[in-house]
Amino acid sequence: MAAVSISRPAPIAFEHPKWGFASTVKVESNTGGRIDPNALDWLDPVTKDLSDDELRRRFERDGVVLVKGVIPRETVLAMRKKYFEHVSSSGVLMEGTDPTDGIFCGGDPHMFGLPAIPALTKPAGPGVASHLGLTEAECDFLAKSVSAHKEDFVHAFAQDGNIMQVVRRIKPDWKDPLLFKRQLLRSNIPNSEGTATKVHFDQCFLRAAPPTSLTAWVPIGDIPPESGGLIYLENSVPLGVAFEEEFTRMNATLTDDEKLSAFNVNMADRGNLSRDAGKFARDNGGRRWLIADYEAGDVVFHHPCMIHASGVNRDPQRRIRLATDLRFADRAAPYDHRWAEKYFEPGDGL
């Protein structure tokens with residue numbers, strides 16, 4: 001792929017009021033290696049009362065915007081409590097703790113929930129279990145988490161009007177905004193190497209329509225910067241577009257169904273670009289990874305070609321990192337019906 005130029009202002013030494021400079025925070029990628037501290041900076045948040053024009057300008061300029069306090073904090077914590085109550089019978093939580101806290105039960109996270117598969121070396125969080133081809137019968141945590149996607153409390157949370165209000169502000173030209181049925185609840189157990197979200201962009205998985213969707217990433221609870229929240233590669237929408245154009249060229253001889261798949265023969269690592277976020281940034285113009293101190297109520301909105309990943313969850317309180325991915329499109333324009341019309345199921349090919 002031809003090199004994609006980067007245009008950005010000189011790094012600003014922004015000191016977070018709680019965490020200080022981003023270079024002092026330890027963030028590890030999926031490989032377990034620490035991302036170069038000098039390649040980190042803060043994702044600049046905005047308040048929900050920012051003007052509509054400025055909100056759209058920030059989104060169009062950066063490809064991502066972190067909006068503070070979109071949802072009432074108590075709404076988010078109630079969702080967190082209900083989710084962990086739903087999965088608690090799997091044994092994932094420490095006995096005697098409040099489900100709202102989501103405290104991991106302890107022990108070896110790499111073997112958690114996998115007595116039937118002793119040779120497996122990764123924990124069976126729902127996303128990992130799905131990618132490894134495990135069945136719900138083999139992993140109770142997976143079974144409980146998958147079933148949660150169809151629960152009324154999850155539907156109600158996804159349909160929170162505060163989120164849709166910001167969607168309409170970012171996309172005022174959309175005639176009929178639509179929330180896709182397929183959302184992804186992601187729970188990352190602390191200290192489980194190899195389970196952080198790999199470097200990717202969403203359009204790779206949404207190819208049945210142009211890159212016009214909008215993702216809302218919703219932390220379900222507080223996620224400090226060392227606890228596995230999303231990290232965004234600065235100014236990376238042009239890079240994501242270039243990657244997808246190259247994939248389109250490579251896929252030209254495939255069948256129509258294969259062209260749409262993020263897992264076809266031309267795609268590396270199940271649609272992901274890299275496991276090593278630090279190396280990926282170095283190899284692509286020396287861009288910085290933007291990190292954040294996410295609080296319950298915050299929502300991040302990003303472009304489908306915005307490149308992102310997550311860090312390893314190193315939460316000092318052993319809290320399980322919980323979040324959901326919501327996706328929106330204009331019902332009056334082309335959109336990916338595969339995502340819009342069915343729930344997440346392990347191995348569903350999406």
# chains A, B, ... in the order shown; residues from 1 in each chain; ligands from 1

call {"tool": "closest_atom_pairs", "arguments": {"of": "region 176-240 of chain A", "to": "region 312-326 of chain A", "cutoff": "9 Å", "atoms": "only C-alpha atoms", "output": "tab-separated table"}}
result
residue	atom	partner	partner_atom	distance
A:Leu179	CA	A:Leu326	CA	7.3
A:Phe180	CA	A:Leu326	CA	7.1
A:Lys181	CA	A:Leu326	CA	8.5
A:Arg182	CA	A:Leu326	CA	7.8
A:Gln183	CA	A:Leu326	CA	5.3
A:Leu184	CA	A:Asp325	CA	5.2
A:Leu185	CA	A:Thr324	CA	4.4
A:Arg186	CA	A:Ala323	CA	5.5
A:Ser187	CA	A:Leu322	CA	4.5
A:Asn188	CA	A:Arg321	CA	5.0
A:Ile189	CA	A:Ile320	CA	4.9
A:Pro190	CA	A:Asn313	CA	4.8
A:Asn191	CA	A:Arg314	CA	5.5
A:Ser192	CA	A:Val312	CA	7.2
A:Glu193	CA	A:Val312	CA	6.6
A:Gly194	CA	A:Val312	CA	7.9
A:Thr195	CA	A:Val312	CA	7.1
A:Ala196	CA	A:Val312	CA	5.0
A:Thr197	CA	A:Val312	CA	8.3
A:Leu214	CA	A:Leu326	CA	8.4
A:Thr215	CA	A:Leu326	CA	5.7
A:Ala216	CA	A:Leu326	CA	5.0
A:Trp217	CA	A:Asp325	CA	4.8
A:Val218	CA	A:Thr324	CA	5.3
A:Pro219	CA	A:Ala323	CA	4.3
A:Ile220	CA	A:Ala323	CA	4.8
A:Gly221	CA	A:Leu322	CA	6.9
A:Asp222	CA	A:Arg321	CA	8.4
A:Ile223	CA	A:Arg321	CA	6.7
A:Pro224	CA	A:Asp315	CA	7.8
A:Pro225	CA	A:Asp315	CA	8.9
A:Glu226	CA	A:Arg314	CA	5.6
A:Ser227	CA	A:Asn313	CA	4.2
A:Gly228	CA	A:Asn313	CA	4.1
A:Gly229	CA	A:Arg321	CA	7.6

call {"tool": "select_by_dssp", "arguments": {"residues": "region 145-317 of chain A", "states": "helix (DSSP H, G or I)", "output": "NGL selection string"}}
result
:A and (145-148 or 152-158 or 161-170 or 202-205 or 237-250 or 256-260 or 277-283)

call {"tool": "write_last_selection", "arguments": {"atoms": "N, CA and C atoms", "output": "short mmCIF file (atom, residue, chain, number, x, y, z; two decimals), in the first residue's frame"}}
result
data_model
loop_
_atom_site.label_atom_id
_atom_site.label_comp_id
_atom_site.auth_asym_id
_atom_site.auth_seq_id
_atom_site.Cartn_x
_atom_site.Cartn_y
_atom_site.Cartn_z
N SER A 145 -22.86 -14.31 28.53
CA SER A 145 -22.66 -13.02 27.86
C SER A 145 -23.40 -12.95 26.54
N VAL A 146 -23.39 -14.05 25.79
CA VAL A 146 -24.13 -14.07 24.52
C VAL A 146 -25.62 -13.89 24.77
N SER A 147 -26.14 -14.59 25.77
CA SER A 147 -27.57 -14.48 26.05
C SER A 147 -27.95 -13.08 26.52
N ALA A 148 -27.00 -12.37 27.12
CA ALA A 148 -27.28 -11.00 27.59
C ALA A 148 -27.65 -10.07 26.44
N ASP A 152 -33.82 -7.61 27.77
CA ASP A 152 -34.50 -6.31 27.68
C ASP A 152 -33.66 -5.19 28.27
N PHE A 153 -32.92 -5.45 29.35
CA PHE A 153 -32.14 -4.38 29.97
C PHE A 153 -31.02 -3.90 29.05
N VAL A 154 -30.50 -4.81 28.23
CA VAL A 154 -29.46 -4.43 27.27
C VAL A 154 -30.07 -3.61 26.13
N HIS A 155 -31.23 -4.03 25.64
CA HIS A 155 -31.92 -3.27 24.59
C HIS A 155 -32.21 -1.86 25.06
N ALA A 156 -32.74 -1.74 26.28
CA ALA A 156 -33.12 -0.43 26.80
C ALA A 156 -31.91 0.48 26.92
N PHE A 157 -30.79 -0.08 27.34
CA PHE A 157 -29.58 0.73 27.48
C PHE A 157 -29.11 1.23 26.11
N ALA A 158 -29.09 0.34 25.12
CA ALA A 158 -28.63 0.72 23.78
C ALA A 158 -29.51 1.80 23.17
N GLY A 161 -32.04 7.53 24.78
CA GLY A 161 -32.25 8.68 23.90
C GLY A 161 -31.13 9.69 23.91
N ASN A 162 -30.33 9.72 24.97
CA ASN A 162 -29.21 10.66 25.03
C ASN A 162 -28.15 10.32 23.98
N ILE A 163 -27.96 9.02 23.72
CA ILE A 163 -26.99 8.62 22.70
C ILE A 163 -27.50 9.02 21.32
N MET A 164 -28.75 8.70 21.03
CA MET A 164 -29.32 9.03 19.73
C MET A 164 -29.33 10.55 19.49
N GLN A 165 -29.50 11.31 20.54
CA GLN A 165 -29.49 12.77 20.39
C GLN A 165 -28.15 13.25 19.86
N VAL A 166 -27.06 12.69 20.38
CA VAL A 166 -25.74 13.09 19.89
C VAL A 166 -25.52 12.58 18.46
N VAL A 167 -26.01 11.37 18.16
CA VAL A 167 -25.92 10.85 16.79
C VAL A 167 -26.56 11.84 15.82
N ARG A 168 -27.74 12.33 16.16
CA ARG A 168 -28.44 13.28 15.29
C ARG A 168 -27.67 14.59 15.15
N ARG A 169 -26.98 15.00 16.20
CA ARG A 169 -26.20 16.23 16.14
C ARG A 169 -24.97 16.07 15.25
N ILE A 170 -24.35 14.89 15.30
CA ILE A 170 -23.17 14.64 14.47
C ILE A 170 -23.57 14.42 13.01
N ASP A 202 -13.56 -0.32 11.72
CA ASP A 202 -14.85 -1.02 11.67
C ASP A 202 -15.34 -1.33 10.26
N GLN A 203 -15.02 -0.48 9.29
CA GLN A 203 -15.57 -0.66 7.95
C GLN A 203 -15.18 -2.01 7.35
N CYS A 204 -14.06 -2.54 7.80
CA CYS A 204 -13.62 -3.86 7.33
C CYS A 204 -14.69 -4.92 7.60
N PHE A 205 -15.50 -4.71 8.64
CA PHE A 205 -16.52 -5.68 9.03
C PHE A 205 -17.92 -5.27 8.56
N VAL A 237 -8.20 8.25 9.86
CA VAL A 237 -9.26 7.95 8.89
C VAL A 237 -8.69 7.82 7.47
N PRO A 238 -7.82 8.75 7.01
CA PRO A 238 -7.25 8.56 5.67
C PRO A 238 -6.48 7.25 5.52
N LEU A 239 -5.82 6.83 6.59
CA LEU A 239 -5.09 5.56 6.55
C LEU A 239 -6.04 4.39 6.46
N GLY A 240 -7.13 4.42 7.23
CA GLY A 240 -8.13 3.36 7.17
C GLY A 240 -8.76 3.28 5.78
N VAL A 241 -9.05 4.43 5.20
CA VAL A 241 -9.62 4.46 3.85
C VAL A 241 -8.64 3.83 2.86
N ALA A 242 -7.36 4.15 3.01
CA ALA A 242 -6.36 3.59 2.09
C ALA A 242 -6.24 2.08 2.24
N PHE A 243 -6.26 1.61 3.47
CA PHE A 243 -6.23 0.16 3.69
C PHE A 243 -7.43 -0.52 3.03
N GLU A 244 -8.61 0.05 3.21
CA GLU A 244 -9.81 -0.58 2.66
C GLU A 244 -9.80 -0.54 1.13
N GLU A 245 -9.27 0.52 0.55
CA GLU A 245 -9.14 0.58 -0.91
C GLU A 245 -8.19 -0.51 -1.41
N GLU A 246 -7.13 -0.74 -0.66
CA GLU A 246 -6.18 -1.80 -1.04
C GLU A 246 -6.82 -3.18 -0.89
N PHE A 247 -7.58 -3.38 0.19
CA PHE A 247 -8.28 -4.65 0.36
C PHE A 247 -9.29 -4.87 -0.78
N THR A 248 -9.96 -3.81 -1.18
CA THR A 248 -10.93 -3.91 -2.28
C THR A 248 -10.24 -4.35 -3.57
N ARG A 249 -9.07 -3.79 -3.82
CA ARG A 249 -8.30 -4.19 -5.01
C ARG A 249 -7.90 -5.65 -4.92
N MET A 250 -7.41 -6.07 -3.76
CA MET A 250 -6.98 -7.45 -3.57
C MET A 250 -8.14 -8.44 -3.69
N ASP A 256 -18.82 -12.55 -4.55
CA ASP A 256 -19.45 -11.41 -3.88
C ASP A 256 -19.48 -11.61 -2.37
N ASP A 257 -19.83 -12.80 -1.92
CA ASP A 257 -19.87 -13.07 -0.48
C ASP A 257 -18.49 -12.97 0.14
N GLU A 258 -17.49 -13.48 -0.55
CA GLU A 258 -16.13 -13.43 -0.02
C GLU A 258 -15.62 -11.99 0.05
N LYS A 259 -15.99 -11.17 -0.90
CA LYS A 259 -15.56 -9.77 -0.89
C LYS A 259 -16.05 -9.04 0.36
N LEU A 260 -17.23 -9.41 0.82
CA LEU A 260 -17.80 -8.73 1.98
C LEU A 260 -17.20 -9.19 3.30
N ALA A 277 0.28 -2.68 18.63
CA ALA A 277 -0.15 -1.30 18.38
C ALA A 277 1.03 -0.34 18.30
N GLY A 278 2.04 -0.56 19.12
CA GLY A 278 3.20 0.33 19.09
C GLY A 278 3.93 0.28 17.76
N LYS A 279 4.20 -0.92 17.28
CA LYS A 279 4.89 -1.07 15.99
C LYS A 279 4.03 -0.52 14.85
N PHE A 280 2.72 -0.77 14.91
CA PHE A 280 1.83 -0.27 13.86
C PHE A 280 1.91 1.25 13.76
N ALA A 281 1.94 1.93 14.89
CA ALA A 281 2.04 3.40 14.87
C ALA A 281 3.37 3.84 14.28
N ARG A 282 4.44 3.17 14.66
CA ARG A 282 5.76 3.53 14.11
C ARG A 282 5.82 3.32 12.62
N ASP A 283 5.22 2.24 12.15
CA ASP A 283 5.28 1.90 10.73
C ASP A 283 4.36 2.77 9.87
#

call {"tool": "residues_around", "arguments": {"residues": "His308 (chain A)", "least_positions_apart": "2", "cutoff": "7 Å", "atoms": "only C-alpha atoms", "output": "MDAnalysis selection string"}}
result
chainID A and resid 199:201 230:233 306

call {"tool": "write_last_selection", "arguments": {"atoms": "N, CA and C atoms", "output": "tab-separated table (two decimals), in the first residue's frame"}}
result
chain	number	residue	atom	x	y	z
A	199	VAL	N	-5.51	-3.99	16.57
A	199	VAL	CA	-5.60	-2.80	15.73
A	199	VAL	C	-6.52	-3.10	14.54
A	200	HIS	N	-7.53	-2.26	14.33
A	200	HIS	CA	-8.48	-2.50	13.25
A	200	HIS	C	-9.28	-1.22	12.98
A	201	PHE	N	-10.12	-1.29	11.95
A	201	PHE	CA	-11.13	-0.25	11.72
A	201	PHE	C	-12.44	-0.95	11.39
A	230	LEU	N	-10.54	1.84	24.94
A	230	LEU	CA	-10.11	2.00	23.56
A	230	LEU	C	-9.04	3.08	23.45
A	231	ILE	N	-8.12	2.88	22.51
A	231	ILE	CA	-7.11	3.86	22.14
A	231	ILE	C	-7.26	4.12	20.64
A	232	TYR	N	-7.09	5.37	20.25
A	232	TYR	CA	-7.33	5.78	18.87
A	232	TYR	C	-6.06	6.30	18.22
A	233	LEU	N	-5.79	5.85	17.00
A	233	LEU	CA	-4.62	6.31	16.27
A	233	LEU	C	-4.94	7.65	15.63
A	306	MET	N	-11.83	4.95	11.21
A	306	MET	CA	-10.92	5.38	12.26
A	306	MET	C	-10.24	4.16	12.87

call {"tool": "closest_residue", "arguments": {"among": "A:Leu178, A:Val92, A:Leu142, A:Leu273", "to": "Pro346 (chain A)", "atoms": "only C-alpha atoms"}}
result
A:Leu142

call {"tool": "atom_distance", "arguments": {"atom1": "CA of Ala39 (chain A)", "atom2": "CA of Tyr294 (chain A)"}}
result
19.4 Å

call {"tool": "decode", "arguments": {"residues": "region 139-189 of chain A", "atoms": "N, CA and C atoms", "output": "mmCIF file, in the first residue's frame"}}
result
data_model
loop_
_atom_site.group_PDB
_atom_site.id
_atom_site.type_symbol
_atom_site.label_atom_id
_atom_site.label_comp_id
_atom_site.auth_asym_id
_atom_site.auth_seq_id
_atom_site.Cartn_x
_atom_site.Cartn_y
_atom_site.Cartn_z
ATOM 1 N N CYS A 139 -18.017 -22.915 27.438
ATOM 2 C CA CYS A 139 -17.624 -21.749 28.212
ATOM 3 C C CYS A 139 -18.874 -21.072 28.756
ATOM 4 N N ASP A 140 -19.099 -21.228 30.057
ATOM 5 C CA ASP A 140 -20.321 -20.692 30.651
ATOM 6 C C ASP A 140 -20.342 -19.171 30.606
ATOM 7 N N PHE A 141 -19.187 -18.552 30.792
ATOM 8 C CA PHE A 141 -19.114 -17.089 30.712
ATOM 9 C C PHE A 141 -19.550 -16.621 29.325
ATOM 10 N N LEU A 142 -19.104 -17.337 28.284
ATOM 11 C CA LEU A 142 -19.527 -17.008 26.926
ATOM 12 C C LEU A 142 -21.041 -17.161 26.784
ATOM 13 N N ALA A 143 -21.572 -18.256 27.289
ATOM 14 C CA ALA A 143 -23.010 -18.506 27.164
ATOM 15 C C ALA A 143 -23.829 -17.401 27.817
ATOM 16 N N LYS A 144 -23.413 -16.996 29.020
ATOM 17 C CA LYS A 144 -24.157 -15.964 29.730
ATOM 18 C C LYS A 144 -24.040 -14.617 29.019
ATOM 19 N N SER A 145 -22.855 -14.305 28.530
ATOM 20 C CA SER A 145 -22.659 -13.018 27.863
ATOM 21 C C SER A 145 -23.405 -12.951 26.538
ATOM 22 N N VAL A 146 -23.394 -14.049 25.792
ATOM 23 C CA VAL A 146 -24.125 -14.075 24.523
ATOM 24 C C VAL A 146 -25.618 -13.895 24.772
ATOM 25 N N SER A 147 -26.135 -14.588 25.772
ATOM 26 C CA SER A 147 -27.571 -14.477 26.050
ATOM 27 C C SER A 147 -27.947 -13.078 26.519
ATOM 28 N N ALA A 148 -27.003 -12.367 27.121
ATOM 29 C CA ALA A 148 -27.284 -11.003 27.586
ATOM 30 C C ALA A 148 -27.652 -10.072 26.443
ATOM 31 N N HIS A 149 -27.121 -10.333 25.250
ATOM 32 C CA HIS A 149 -27.405 -9.467 24.101
ATOM 33 C C HIS A 149 -28.893 -9.408 23.771
ATOM 34 N N LYS A 150 -29.638 -10.397 24.196
ATOM 35 C CA LYS A 150 -31.061 -10.453 23.876
ATOM 36 C C LYS A 150 -31.947 -10.052 25.054
ATOM 37 N N GLU A 151 -31.324 -9.596 26.125
ATOM 38 C CA GLU A 151 -32.073 -9.221 27.314
ATOM 39 C C GLU A 151 -32.664 -7.814 27.177
ATOM 40 N N ASP A 152 -33.824 -7.607 27.772
ATOM 41 C CA ASP A 152 -34.501 -6.312 27.684
ATOM 42 C C ASP A 152 -33.662 -5.188 28.269
ATOM 43 N N PHE A 153 -32.918 -5.451 29.354
ATOM 44 C CA PHE A 153 -32.142 -4.377 29.972
ATOM 45 C C PHE A 153 -31.017 -3.903 29.053
ATOM 46 N N VAL A 154 -30.498 -4.808 28.227
ATOM 47 C CA VAL A 154 -29.457 -4.432 27.267
ATOM 48 C C VAL A 154 -30.066 -3.610 26.133
ATOM 49 N N HIS A 155 -31.227 -4.032 25.641
ATOM 50 C CA HIS A 155 -31.916 -3.272 24.588
ATOM 51 C C HIS A 155 -32.214 -1.864 25.063
ATOM 52 N N ALA A 156 -32.735 -1.743 26.276
ATOM 53 C CA ALA A 156 -33.121 -0.430 26.797
ATOM 54 C C ALA A 156 -31.913 0.482 26.918
ATOM 55 N N PHE A 157 -30.793 -0.081 27.343
ATOM 56 C CA PHE A 157 -29.581 0.729 27.481
ATOM 57 C C PHE A 157 -29.108 1.227 26.115
ATOM 58 N N ALA A 158 -29.087 0.342 25.120
ATOM 59 C CA ALA A 158 -28.631 0.722 23.780
ATOM 60 C C ALA A 158 -29.514 1.803 23.170
ATOM 61 N N GLN A 159 -30.778 1.794 23.529
ATOM 62 C CA GLN A 159 -31.731 2.730 22.941
ATOM 63 C C GLN A 159 -31.868 4.011 23.755
ATOM 64 N N ASP A 160 -30.941 4.248 24.661
ATOM 65 C CA ASP A 160 -30.983 5.469 25.464
ATOM 66 C C ASP A 160 -31.046 6.696 24.542
ATOM 67 N N GLY A 161 -32.036 7.535 24.777
ATOM 68 C CA GLY A 161 -32.252 8.683 23.904
ATOM 69 C C GLY A 161 -31.126 9.693 23.915
ATOM 70 N N ASN A 162 -30.327 9.717 24.972
ATOM 71 C CA ASN A 162 -29.211 10.656 25.030
ATOM 72 C C ASN A 162 -28.153 10.323 23.977
ATOM 73 N N ILE A 163 -27.959 9.022 23.722
ATOM 74 C CA ILE A 163 -26.989 8.622 22.698
ATOM 75 C C ILE A 163 -27.498 9.021 21.319
ATOM 76 N N MET A 164 -28.754 8.698 21.027
ATOM 77 C CA MET A 164 -29.319 9.035 19.728
ATOM 78 C C MET A 164 -29.329 10.545 19.492
ATOM 79 N N GLN A 165 -29.500 11.308 20.536
ATOM 80 C CA GLN A 165 -29.494 12.765 20.391
ATOM 81 C C GLN A 165 -28.146 13.253 19.862
ATOM 82 N N VAL A 166 -27.061 12.690 20.376
ATOM 83 C CA VAL A 166 -25.736 13.090 19.885
ATOM 84 C C VAL A 166 -25.521 12.582 18.463
ATOM 85 N N VAL A 167 -26.011 11.372 18.162
ATOM 86 C CA VAL A 167 -25.923 10.854 16.790
ATOM 87 C C VAL A 167 -26.563 11.840 15.820
ATOM 88 N N ARG A 168 -27.737 12.330 16.160
ATOM 89 C CA ARG A 168 -28.437 13.283 15.288
ATOM 90 C C ARG A 168 -27.667 14.593 15.153
ATOM 91 N N ARG A 169 -26.983 14.998 16.204
ATOM 92 C CA ARG A 169 -26.197 16.232 16.141
ATOM 93 C C ARG A 169 -24.973 16.068 15.250
ATOM 94 N N ILE A 170 -24.348 14.890 15.304
ATOM 95 C CA ILE A 170 -23.171 14.642 14.468
ATOM 96 C C ILE A 170 -23.573 14.415 13.008
ATOM 97 N N LYS A 171 -24.727 13.784 12.804
ATOM 98 C CA LYS A 171 -25.195 13.438 11.455
ATOM 99 C C LYS A 171 -26.542 14.126 11.175
ATOM 100 N N PRO A 172 -26.576 15.449 11.071
ATOM 101 C CA PRO A 172 -27.853 16.153 10.884
ATOM 102 C C PRO A 172 -28.508 15.876 9.540
ATOM 103 N N ASP A 173 -27.731 15.393 8.566
ATOM 104 C CA ASP A 173 -28.295 15.109 7.241
ATOM 105 C C ASP A 173 -28.993 13.756 7.181
ATOM 106 N N TRP A 174 -28.815 12.925 8.186
ATOM 107 C CA TRP A 174 -29.499 11.634 8.181
ATOM 108 C C TRP A 174 -31.004 11.842 8.324
ATOM 109 N N LYS A 175 -31.754 11.254 7.421
ATOM 110 C CA LYS A 175 -33.210 11.429 7.437
ATOM 111 C C LYS A 175 -33.891 10.543 8.467
ATOM 112 N N ASP A 176 -33.331 9.348 8.689
ATOM 113 C CA ASP A 176 -33.985 8.387 9.583
ATOM 114 C C ASP A 176 -32.913 7.552 10.284
ATOM 115 N N PRO A 177 -32.299 8.076 11.350
ATOM 116 C CA PRO A 177 -31.228 7.341 12.038
ATOM 117 C C PRO A 177 -31.708 5.994 12.572
ATOM 118 N N LEU A 178 -30.871 4.981 12.368
ATOM 119 C CA LEU A 178 -31.204 3.609 12.736
ATOM 120 C C LEU A 178 -30.117 3.042 13.635
ATOM 121 N N LEU A 179 -30.507 2.452 14.762
ATOM 122 C CA LEU A 179 -29.590 1.714 15.622
ATOM 123 C C LEU A 179 -29.570 0.259 15.184
ATOM 124 N N PHE A 180 -28.406 -0.271 14.856
ATOM 125 C CA PHE A 180 -28.297 -1.667 14.448
ATOM 126 C C PHE A 180 -28.620 -2.584 15.633
ATOM 127 N N LYS A 181 -29.272 -3.700 15.344
ATOM 128 C CA LYS A 181 -29.600 -4.674 16.382
ATOM 129 C C LYS A 181 -28.336 -5.332 16.927
ATOM 130 N N ARG A 182 -27.360 -5.570 16.064
ATOM 131 C CA ARG A 182 -26.149 -6.284 16.481
ATOM 132 C C ARG A 182 -25.219 -5.331 17.232
ATOM 133 N N GLN A 183 -25.157 -5.480 18.537
ATOM 134 C CA GLN A 183 -24.177 -4.758 19.334
ATOM 135 C C GLN A 183 -23.217 -5.778 19.920
ATOM 136 N N LEU A 184 -22.096 -5.293 20.429
ATOM 137 C CA LEU A 184 -21.063 -6.179 20.942
ATOM 138 C C LEU A 184 -20.710 -5.791 22.367
ATOM 139 N N LEU A 185 -21.194 -6.557 23.319
ATOM 140 C CA LEU A 185 -20.795 -6.396 24.709
ATOM 141 C C LEU A 185 -19.423 -7.043 24.887
ATOM 142 N N ARG A 186 -18.470 -6.273 25.338
ATOM 143 C CA ARG A 186 -17.109 -6.790 25.472
ATOM 144 C C ARG A 186 -16.662 -6.676 26.927
ATOM 145 N N SER A 187 -16.257 -7.782 27.497
ATOM 146 C CA SER A 187 -15.789 -7.805 28.887
ATOM 147 C C SER A 187 -14.371 -8.354 28.925
ATOM 148 N N ASN A 188 -13.433 -7.539 29.366
ATOM 149 C CA ASN A 188 -12.027 -7.922 29.412
ATOM 150 C C ASN A 188 -11.612 -8.186 30.855
ATOM 151 N N ILE A 189 -11.240 -9.422 31.123
ATOM 152 C CA ILE A 189 -10.782 -9.818 32.445
ATOM 153 C C ILE A 189 -9.409 -9.197 32.711
#
